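Notes to accompany the following structure.
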Amino acid sequence: MCSLARRVRSTSFGLNTMIAGNVKAVHYKNDLRRLTALIGAALAIFGVAIMAIVAYAGFTANQAAIARERQLVENALDQSVSRVLDQQKAIAWWDDAVINAQARPMDLDWLETNIGVYFNETYGHDEIFIVDSENRPVYANVDGQLANPIAAYGARREVLDQLVAEARRGADGHLRSRDRAFVESQSNYRALLGASFGRWGGHIMSIDGQPAVVAALSIVPNLDAELLRGEPHLLVSIVRIDETFMTEVGGSLLISDLTVTEDSPHRSNLLSDRFVADDGAALGYLNWTPQRPGRALLLFILPLVGLGVMGAGLLTWLMVQRLKRASGELADREADSRHQAQHDSLSGLPNRPHFVGRLQDALDELIQSRNNGRVVVAYIDVDRFKDINDTMGHQAGDALIMAVAERLQAAIGPQDFLARFGGDEFAVMRQANGPHAGADLIARLRTAFEDAFDLYGQHIRMTASIGISMAPEHGGSPAELMRHADIALYQGKNKGRDCAMMFCAEMAAEVEQRREIELDLHAALQAGDLQLHYQPLMSCAGGRVTGVEALLRWNHPTKGPLSPGVFVPIAEEAGIMPSLGAYVLERAFEEAKLWPDLDVAINLSPVQFRHVDLPELLAELLAKHAIDPRRIVLEVTEGVLMESTERNRQILDAVRGMGFKVALDDFGTGYSSLRYLCDFRFDKIKIDRAFVTGIHERKRAMTIIQSVVTLGRGLGMDIVAEGVETEAEASVMRLVGVTELQGFFFSQAVPASDVAPLVAKLSPPRDAAAAAVVTPRRLHRQS
């Protein structure tokens, strides 16, 4: 009957496991359906995105082509102004032109032949004027015919006076400049003609409501400067911008239908831009058919992309359907594999990972319930199991393990969770109420070893050592509970085996010792018994001490000197770190006044960012000690940056805004994300000693340091190498471009009273600083 009950219990356990596997398989199939929907949505989004990109590319290509053509048309109009000035220059800058323009009486035949008719027939100038030194019109040719200069000029005076004034006094900025090409081409004439070098003005203006190029150029000698008497005469030309003119401009730009119209034509394929005179007057519209390089993308490529996306969607759907058909078998095999991965092959019990997962679930439930519940963990180790293996063989040992598993499964309650960790070690997890759950579990486990075990006809009595831990008294995580149960188990083994032990405070000497250090640290902080020692930073450029780093030291009254690595973590866990950090800052600021020529580096804890108004504290210290904040370097580690909260960013910005320098400490350890260098601004990067030690024998480390130096220098940061202990390391660090060095090769950290003598000893004379860069000195270590 007893054997039958055990088999029923074992079968029940296997059935529960199978049900759990089936549930997971169902979850897997549901996940696959969700994945299918996700793939479909992703493909749709991808297809839409591709088509949008192609459409956008076609649209932007068209827009870029239009913008380019607009600029070309505008440049061509500017060139037309410079071209008219160049045409005027052929006659106006000529000795004969000066002589005949200034002659009294004027030789109209000469002027008509060489200026009026010449410009009209040769270059198509519609109207030509000559204005004397007093800006009076003295000659006019309109449409190739000699005209009354006063009447002809008077009809255009409002426009022409602006050009004459510009040619006399230079541009005043109220007219748009269009003569840049002509200006750039006159350097040779300036050198040749010197003081008599001509002046000009050229613009596109409105003449009788129509656009026209209007140009004015001074008539000056090209060889004999003495021919010019007083202010030079001016040659003024008007060239109407008509159909012939625009055809010529369009031909130079390969735009065959470039026209000017009074109104904008309403044609979808025609581009129409407002045409404005240089004085702002409306001239009509410039019209042409623009090139559309994106047309092929929009008319041909985009439909093909759409078809491709639809084809890809269809293919993906077929593949997903095939995947779904295969997923059933895969889910079943995975369920079997998962069961095997979570269970011991010999006993069929859950294994360690499975146990840890269930324990974590139980602890989560305990936290959420907030009642008087307990989670008990028991470690069971079969005593003298090795003797059975050695004397009776491994088959007998395996049989004993299976028998023990069966007895334990029968002894525990239906809600208890039994697992085998390997060898002769078992574990039980129980969820119960009340403080006596551990004792009850111990009593149940002992019953499993009351009767002898039948191994191949031999009756063998076995015992077991048991260790118990209980949540929440002995921990809140699987790791803590299992570690404490293991401690209690081996305490029981040390007492002579066949013993059950409940974890207690006496087994946690280390915990008590940490508490003792915490209390003593409180007292030392109140009494001011903590000291700062300072380690020098050596400049690679001058071989001198440029600063020191403040390092906290504690000489415990009974334990002797304690490393910061021991008491600082305790301070952080105990909430002492804000007070301890403020103490370090106060002492460092006070002692920094002893060395006005040195920077002082101070480490900041992440706790100071979370619990202290750091900018306010630093402002108070600055006011109290009257120290230059640029001498203080505040070092932060990735512990601050990994939180990457907006508050931390604001604190660092505020600190730098106050004038303090900020350094990134221990760079190269942890995550060393380059994002930190983008999100935060640093003045220094401190390379961790792990990269510096033995650098002359580690090429990969040297390559990494060279990259960090190049990156830091490129971002305007100084680079500090920590942990330099040999001359070879110092030389390599100088070679790769590190800014400052720090380490035992130069000196250990020393008390504040020893800093000044140490600086004097380490720093070479100023006239020998250059030599120190090339030849590092062997410096003793100072304790």
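Every chain in the structure tokens has a letter given in the order shown (A, B, ...), and although residue numbers restart at 1 in each chain, ligands are simply numbered from 1 in the order shown.
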
Contacts of Leu551 (chain A) at 8 Å or less, counting only C-alpha atoms, minus same-chain residues fewer than 5 places along, as a PyMOL selection string? chain A and resi 532-535+602+749

Residues near Glu591 (chain A), cut-off 10 Å, only C-alpha atoms, skip fewer than 2 positions along chain, as a ChimeraX atom specification: /A:532,550,585-589,593-596,600,625,752-753

Output N, CA and C atoms for every residue in the selection just made, as a compact mmCIF listing (two decimals), in the first residue's frame.
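That gives us part.txt:
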# COMPACT_ATOMS: atom_id res chain seq x y z
N LEU A 532 42.63 62.61 4.61
CA LEU A 532 42.83 62.61 3.16
C LEU A 532 44.32 62.52 2.86
N ALA A 550 42.69 63.51 -4.17
CA ALA A 550 42.39 63.28 -2.76
C ALA A 550 41.84 61.87 -2.58
N LEU A 585 34.74 66.57 0.72
CA LEU A 585 34.79 67.83 -0.01
C LEU A 585 35.27 68.96 0.89
N GLU A 586 34.78 69.00 2.13
CA GLU A 586 35.19 70.05 3.07
C GLU A 586 36.70 70.00 3.32
N ARG A 587 37.22 68.79 3.62
CA ARG A 587 38.64 68.67 3.90
C ARG A 587 39.49 68.98 2.67
N ALA A 588 39.03 68.53 1.50
CA ALA A 588 39.80 68.76 0.28
C ALA A 588 39.86 70.25 -0.06
N PHE A 589 38.73 70.95 0.10
CA PHE A 589 38.73 72.39 -0.18
C PHE A 589 39.65 73.12 0.80
N LYS A 593 43.94 74.89 -0.33
CA LYS A 593 44.50 76.23 -0.22
C LYS A 593 45.99 76.21 0.09
N LEU A 594 46.51 75.04 0.53
CA LEU A 594 47.94 74.94 0.83
C LEU A 594 48.78 74.91 -0.44
N TRP A 595 48.16 74.54 -1.59
CA TRP A 595 48.92 74.40 -2.84
C TRP A 595 48.19 75.17 -3.94
N PRO A 596 48.34 76.46 -3.98
CA PRO A 596 47.57 77.27 -4.93
C PRO A 596 47.88 77.00 -6.39
N VAL A 600 43.19 69.93 -7.63
CA VAL A 600 42.85 68.90 -6.65
C VAL A 600 41.67 68.11 -7.17
N HIS A 625 35.65 78.94 1.51
CA HIS A 625 37.10 78.78 1.39
C HIS A 625 37.72 79.71 0.35
N ALA A 752 48.59 65.42 3.73
CA ALA A 752 48.63 66.78 3.22
C ALA A 752 49.92 67.50 3.57
N SER A 753 50.47 67.19 4.75
CA SER A 753 51.69 67.88 5.18
C SER A 753 52.90 67.50 4.33

I need the alpha helix (DSSP H) residues of region 30-160 of chain A per DSSP on the backbone, written as a ChimeraX atom specification. /A:30-92,95-102,108-111,117-118,149-155,157-160

Take the selection from the previous step and output its residues with C-alpha atoms, as a PDB file, in the first residue's frame.
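Result file is out_20.pdb:
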ATOM      1  CA  ASN A  30       0.075  31.992 -29.284  1.00  0.00           C
ATOM      2  CA  ASP A  31       3.451  33.663 -29.430  1.00  0.00           C
ATOM      3  CA  LEU A  32       3.890  32.374 -32.976  1.00  0.00           C
ATOM      4  CA  ARG A  33       0.553  33.853 -34.017  1.00  0.00           C
ATOM      5  CA  ARG A  34       1.562  37.168 -32.513  1.00  0.00           C
ATOM      6  CA  LEU A  35       4.884  36.915 -34.306  1.00  0.00           C
ATOM      7  CA  THR A  36       3.077  36.271 -37.600  1.00  0.00           C
ATOM      8  CA  ALA A  37       0.948  39.354 -37.115  1.00  0.00           C
ATOM      9  CA  LEU A  38       4.042  41.340 -36.182  1.00  0.00           C
ATOM     10  CA  ILE A  39       5.886  40.189 -39.319  1.00  0.00           C
ATOM     11  CA  GLY A  40       2.915  41.134 -41.473  1.00  0.00           C
ATOM     12  CA  ALA A  41       2.687  44.555 -39.892  1.00  0.00           C
ATOM     13  CA  ALA A  42       6.442  45.066 -40.183  1.00  0.00           C
ATOM     14  CA  LEU A  43       6.370  44.078 -43.852  1.00  0.00           C
ATOM     15  CA  ALA A  44       3.479  46.449 -44.531  1.00  0.00           C
ATOM     16  CA  ILE A  45       5.253  49.279 -42.760  1.00  0.00           C
ATOM     17  CA  PHE A  46       8.460  48.473 -44.613  1.00  0.00           C
ATOM     18  CA  GLY A  47       6.661  48.443 -47.970  1.00  0.00           C
ATOM     19  CA  VAL A  48       4.930  51.726 -47.285  1.00  0.00           C
ATOM     20  CA  ALA A  49       8.226  53.193 -46.126  1.00  0.00           C
ATOM     21  CA  ILE A  50      10.045  52.058 -49.290  1.00  0.00           C
ATOM     22  CA  MET A  51       7.349  53.482 -51.532  1.00  0.00           C
ATOM     23  CA  ALA A  52       7.348  56.715 -49.539  1.00  0.00           C
ATOM     24  CA  ILE A  53      11.121  56.929 -49.892  1.00  0.00           C
ATOM     25  CA  VAL A  54      10.954  56.433 -53.658  1.00  0.00           C
ATOM     26  CA  ALA A  55       8.155  58.994 -53.964  1.00  0.00           C
ATOM     27  CA  TYR A  56      10.046  61.425 -51.780  1.00  0.00           C
ATOM     28  CA  ALA A  57      13.234  60.870 -53.790  1.00  0.00           C
ATOM     29  CA  GLY A  58      11.393  61.630 -57.022  1.00  0.00           C
ATOM     30  CA  PHE A  59       9.746  64.703 -55.561  1.00  0.00           C
ATOM     31  CA  THR A  60      12.975  66.064 -54.070  1.00  0.00           C
ATOM     32  CA  ALA A  61      14.857  65.385 -57.324  1.00  0.00           C
ATOM     33  CA  ASN A  62      12.286  67.495 -59.179  1.00  0.00           C
ATOM     34  CA  GLN A  63      12.467  70.235 -56.576  1.00  0.00           C
ATOM     35  CA  ALA A  64      16.267  70.248 -56.645  1.00  0.00           C
ATOM     36  CA  ALA A  65      16.243  70.498 -60.451  1.00  0.00           C
ATOM     37  CA  ILE A  66      13.820  73.431 -60.308  1.00  0.00           C
ATOM     38  CA  ALA A  67      15.928  75.198 -57.686  1.00  0.00           C
ATOM     39  CA  ARG A  68      19.046  74.652 -59.809  1.00  0.00           C
ATOM     40  CA  GLU A  69      17.353  76.012 -62.954  1.00  0.00           C
ATOM     41  CA  ARG A  70      16.057  79.047 -61.059  1.00  0.00           C
ATOM     42  CA  GLN A  71      19.592  79.821 -59.982  1.00  0.00           C
ATOM     43  CA  LEU A  72      20.907  79.304 -63.514  1.00  0.00           C
ATOM     44  CA  VAL A  73      18.308  81.701 -64.951  1.00  0.00           C
ATOM     45  CA  GLU A  74      19.124  84.278 -62.310  1.00  0.00           C
ATOM     46  CA  ASN A  75      22.857  83.888 -62.973  1.00  0.00           C
ATOM     47  CA  ALA A  76      22.276  84.231 -66.723  1.00  0.00           C
ATOM     48  CA  LEU A  77      20.416  87.509 -66.174  1.00  0.00           C
ATOM     49  CA  ASP A  78      23.288  88.728 -64.017  1.00  0.00           C
ATOM     50  CA  GLN A  79      25.692  87.719 -66.786  1.00  0.00           C
ATOM     51  CA  SER A  80      23.627  89.705 -69.292  1.00  0.00           C
ATOM     52  CA  VAL A  81      24.188  92.863 -67.228  1.00  0.00           C
ATOM     53  CA  SER A  82      27.925  92.201 -67.078  1.00  0.00           C
ATOM     54  CA  ARG A  83      27.876  91.491 -70.838  1.00  0.00           C
ATOM     55  CA  VAL A  84      26.347  94.915 -71.582  1.00  0.00           C
ATOM     56  CA  LEU A  85      29.024  96.568 -69.412  1.00  0.00           C
ATOM     57  CA  ASP A  86      31.714  94.612 -71.273  1.00  0.00           C
ATOM     58  CA  GLN A  87      30.250  95.836 -74.578  1.00  0.00           C
ATOM     59  CA  GLN A  88      30.295  99.464 -73.356  1.00  0.00           C
ATOM     60  CA  LYS A  89      33.852  99.067 -72.145  1.00  0.00           C
ATOM     61  CA  ALA A  90      35.039  98.331 -75.718  1.00  0.00           C
ATOM     62  CA  ILE A  91      34.398 102.007 -76.666  1.00  0.00           C
ATOM     63  CA  ALA A  92      34.099 103.913 -73.374  1.00  0.00           C
ATOM     64  CA  ASP A  95      41.421 107.666 -75.577  1.00  0.00           C
ATOM     65  CA  ASP A  96      39.504 108.688 -78.742  1.00  0.00           C
ATOM     66  CA  ALA A  97      36.180 108.365 -76.925  1.00  0.00           C
ATOM     67  CA  VAL A  98      37.432 110.745 -74.205  1.00  0.00           C
ATOM     68  CA  ILE A  99      38.662 113.282 -76.781  1.00  0.00           C
ATOM     69  CA  ASN A 100      35.470 113.308 -78.821  1.00  0.00           C
ATOM     70  CA  ALA A 101      33.104 113.216 -75.854  1.00  0.00           C
ATOM     71  CA  GLN A 102      34.817 116.213 -74.237  1.00  0.00           C
ATOM     72  CA  LEU A 108      28.277 114.279 -83.559  1.00  0.00           C
ATOM     73  CA  ASP A 109      29.281 112.377 -86.680  1.00  0.00           C
ATOM     74  CA  TRP A 110      32.074 110.663 -84.809  1.00  0.00           C
ATOM     75  CA  LEU A 111      29.834 109.917 -81.827  1.00  0.00           C
ATOM     76  CA  VAL A 117      25.113 103.303 -84.549  1.00  0.00           C
ATOM     77  CA  TYR A 118      27.891 100.991 -83.419  1.00  0.00           C
ATOM     78  CA  PRO A 149      19.390 114.164 -75.663  1.00  0.00           C
ATOM     79  CA  ILE A 150      17.443 116.309 -73.212  1.00  0.00           C
ATOM     80  CA  ALA A 151      14.033 115.013 -74.307  1.00  0.00           C
ATOM     81  CA  ALA A 152      15.108 111.383 -74.683  1.00  0.00           C
ATOM     82  CA  TYR A 153      16.953 111.343 -71.367  1.00  0.00           C
ATOM     83  CA  GLY A 154      14.154 113.184 -69.628  1.00  0.00           C
ATOM     84  CA  ALA A 155      11.716 110.415 -70.534  1.00  0.00           C
ATOM     85  CA  ARG A 157      15.320 110.279 -65.999  1.00  0.00           C
ATOM     86  CA  GLU A 158      13.784 108.509 -62.970  1.00  0.00           C
ATOM     87  CA  VAL A 159      15.617 105.287 -63.863  1.00  0.00           C
ATOM     88  CA  LEU A 160      18.731 106.676 -65.525  1.00  0.00           C
TER      89      LEU A 160
END

Straight-line distance linking CA of Asp718 (chain A) with CA of Ala592 (chain A), stated in Å to one decimal: 21.1 Å

Which of region 629-698 of chain A end up as strand (DSSP E) when DSSP is run on this backbone - answer as a VMD selection string? chain A and resid 632 to 636 661 to 667 684 to 687

Could you write those residues out with C-alpha atoms, as a CSV table (one decimal), in the first residue's frame?
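Output saved as out_16.csv:
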chain,number,residue,atom,x,y,z
A,632,ILE,CA,38.9,71.5,-8.5
A,633,VAL,CA,38.4,68.4,-10.6
A,634,LEU,CA,35.3,66.4,-9.7
A,635,GLU,CA,35.6,62.7,-10.7
A,636,VAL,CA,32.5,60.7,-11.5
A,661,LYS,CA,36.2,70.6,-14.0
A,662,VAL,CA,34.6,67.2,-14.4
A,663,ALA,CA,36.5,64.0,-15.1
A,664,LEU,CA,35.2,60.5,-16.1
A,665,ASP,CA,37.0,58.1,-13.8
A,666,ASP,CA,37.9,54.4,-14.4
A,667,PHE,CA,37.2,54.7,-18.2
A,684,LYS,CA,39.2,64.8,-18.5
A,685,ILE,CA,39.1,61.0,-19.1
A,686,LYS,CA,41.0,58.8,-16.6
A,687,ILE,CA,42.0,55.5,-18.2
